[in-house]
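This report concerns only the one structure given below.
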Amino acid sequence: VGVSGGPDSLALTILLNQWLMKKKGKLVTLIVDHRIRAESFSESVQTKNNLINNNINSRILFVAKEKVKDGKLDQARVNRFEKLLNYCKKNKIFHLFLGHHFDDNLETFILRKIAGSNFEGLNSIQFITILGNIQVVRPLLLYSKKDILSFNKKLNLLFINDPSNQNKKYSRVAIRKFLNSNYSIQKEIKKEFRLIRDNYHSYKKMIYQLLNLLIIKAGFKKLIINAKDFFSLDSELRVKIIVKGIQYVNNSSFQIRLKKIEDLISIISKFQNITLKSNKTSINRIDDKIIITK
């Protein structure tokens, strides 16, 4: 479990520890000294001591100085996540738990909405994500910050307050403060977010059903789909179909840049009998067929 020292990760650590004691499992708590602020090392040591007081051992992982650039929060998150994943890979740990909660997910939803994310992106943070051979699990996504603070208070847990969480120069903090001061807007945004979450699996199912309807022939490392029916779809669905087709022939779930796929679709919509190559994949438009080959 990754532990920042804040109330969220600390609550998760206590819950995991109680659960694993019953299951006779083993818990490794990882604290990352991000070096973004001068106090980061002392906060890491304080967090370690807080865990020791709860009979939980931990390790402090240090981010290299050259990886700390402009003191940006986004960079700190990337560095922290990288350190956690690398530790898990090196030590053959297959489950990494993180303390993201519902409010975090709502903020992510708004940030992605502002950035123009598609339906899939707006589904935001997932309960379980597979990265290589590591399963990243976020069990607190159904719980609010208020729930977690109540839990901490009930157990008298000591946690660290990160001052950057109050700095409105950061987009996430500005969104948080805006939501907390506009209850009616917050209510509407929660409604929209839950609507997308509740219908996401239906959306994914629809994509695969559409792909099945478009397929003329599917074989080993090769897929042929109906070009006429494909171009009758809206732009977002066309992108999803091509991405799923490329992933199918390569037997891989790797992600492809949206702009790259949009450019590819634009070219095959204008020209007959054309061959394009992208991500070790050949895309052929021959008359009424689109042929995707590894």
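Chain labels A, B, ... are given in the sequence in which chains occur in the structure tokens; within each chain residues are numbered consecutively from 1, and ligands are likewise numbered from 1 in the order shown.
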| message | Please return, as a PyMOL selection string, all residues of stretch 1-191 of chain A that DSSP assigns to strand (DSSP E or B) on the basis of the backbone. | response | chain A and resi 2+29-33+58-62+95-97+128-131+134-137
| query | Can you tell me, as JSON, numbers by chain, what residues are no more than 10 Å from A:Tyr248 when counting only C-alpha atoms, ignoring any on the same chain fewer than 4 positions away? | reply | {"A": [218, 219, 220, 221, 222, 223, 242, 243, 244, 252, 253, 292, 293, 294]}
| task | Excluding A:Asn180 and residues on its chain fewer than 5 positions from it, collect all residues at most 12 Å away from it, counting only C-alpha atoms, and give them as a count of residues only. | result | 11
| Residue contacts of A:Lys67 (9 Å, only C-alpha atoms) excluding same-chain residues fewer than 4 positions away, as number ranges by chain | A: 63, 75-76, 79
Determine, using only C-alpha atoms, which residues of stretch 46-134 of chain A have any atom at most 12 Å from an atom of stretch 152-171 of chain A, and tabulate each with its shortest atom pair and distance in Å to one decimal place, rows ordered by chain and then rising number, as a Markdown table.
```
| residue | atom | partner | partner_atom | distance |
| --- | --- | --- | --- | --- |
| A:Gln46 | CA | A:Ile160 | CA | 8.3 |
| A:Thr47 | CA | A:Phe159 | CA | 7.4 |
| A:Lys48 | CA | A:Phe159 | CA | 10.8 |
| A:Asn49 | CA | A:Leu158 | CA | 10.2 |
| A:Asn50 | CA | A:Leu158 | CA | 6.8 |
| A:Leu51 | CA | A:Leu158 | CA | 9.4 |
| A:Ile52 | CA | A:Leu158 | CA | 11.9 |
| A:Asn53 | CA | A:Leu158 | CA | 10.0 |
| A:Asn54 | CA | A:Leu157 | CA | 9.1 |
| A:Gly71 | CA | A:Ser164 | CA | 10.8 |
| A:Lys72 | CA | A:Tyr170 | CA | 8.9 |
| A:Leu73 | CA | A:Tyr170 | CA | 7.9 |
| A:Asp74 | CA | A:Tyr170 | CA | 9.5 |
| A:Ala76 | CA | A:Ser164 | CA | 11.6 |
| A:Asp104 | CA | A:Asn165 | CA | 11.9 |
| A:Glu107 | CA | A:Ser171 | CA | 9.3 |
| A:Thr108 | CA | A:Ser171 | CA | 10.3 |
| A:Ile110 | CA | A:Ser171 | CA | 10.2 |
| A:Leu111 | CA | A:Ser171 | CA | 8.0 |
| A:Arg112 | CA | A:Ser171 | CA | 11.5 |
| A:Ile114 | CA | A:Ser171 | CA | 10.8 |
| A:Ala115 | CA | A:Ser171 | CA | 11.9 |
```
| field | Near-A:Val28 list (10 Å; only C-alpha atoms; drop same-chain fewer than 6 positions) as number ranges by chain | value | A: 1-2, 13, 17, 56-59, 88, 93, 96
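By chain and then residue number, the residues within 12 Å of A:Ser144 are A:Pro7, A:Asp8, A:Gly99, A:His100, A:His101, A:Phe102, A:Asp103, A:Asp104, A:Asn105, A:Leu106, A:Pro139, A:Leu140, A:Leu141, A:Leu142, A:Lys146, A:Asp147, A:Ile148, A:Leu149, A:Ser150, A:Phe151, A:Lys190, counting only C-alpha atoms and disregarding those fewer than 2 positions away in sequence.
Using only C-alpha atoms, the shortest contact distance between A:Gly132 and any of A:Tyr200, A:Phe254, A:Phe178, A:Tyr183 is found at A:Phe254.
Among the candidate residues A:Leu179, A:Ile268, A:Ile261, A:Ile14, the one lying nearest to A:Ala227 is A:Ile268, with distances computed using only C-alpha atoms.
Closest approach to A:Ile207 among A:Asp288, A:Phe119, A:Thr129, A:Leu264 is made by A:Phe119 (distances from only C-alpha atoms).
Between atom CA of A:Lys83 and atom CA of A:Val137 there is a distance of 16.4 Å.
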| task | Within stretch 25-192 of chain A, find each residue whose DSSP state, derived from the backbone, is alpha helix (DSSP H), and express the selection as a ChimeraX atom specification. | result | /A:40-53,73-90,102-114,119-122,145-154,171-181,183-192
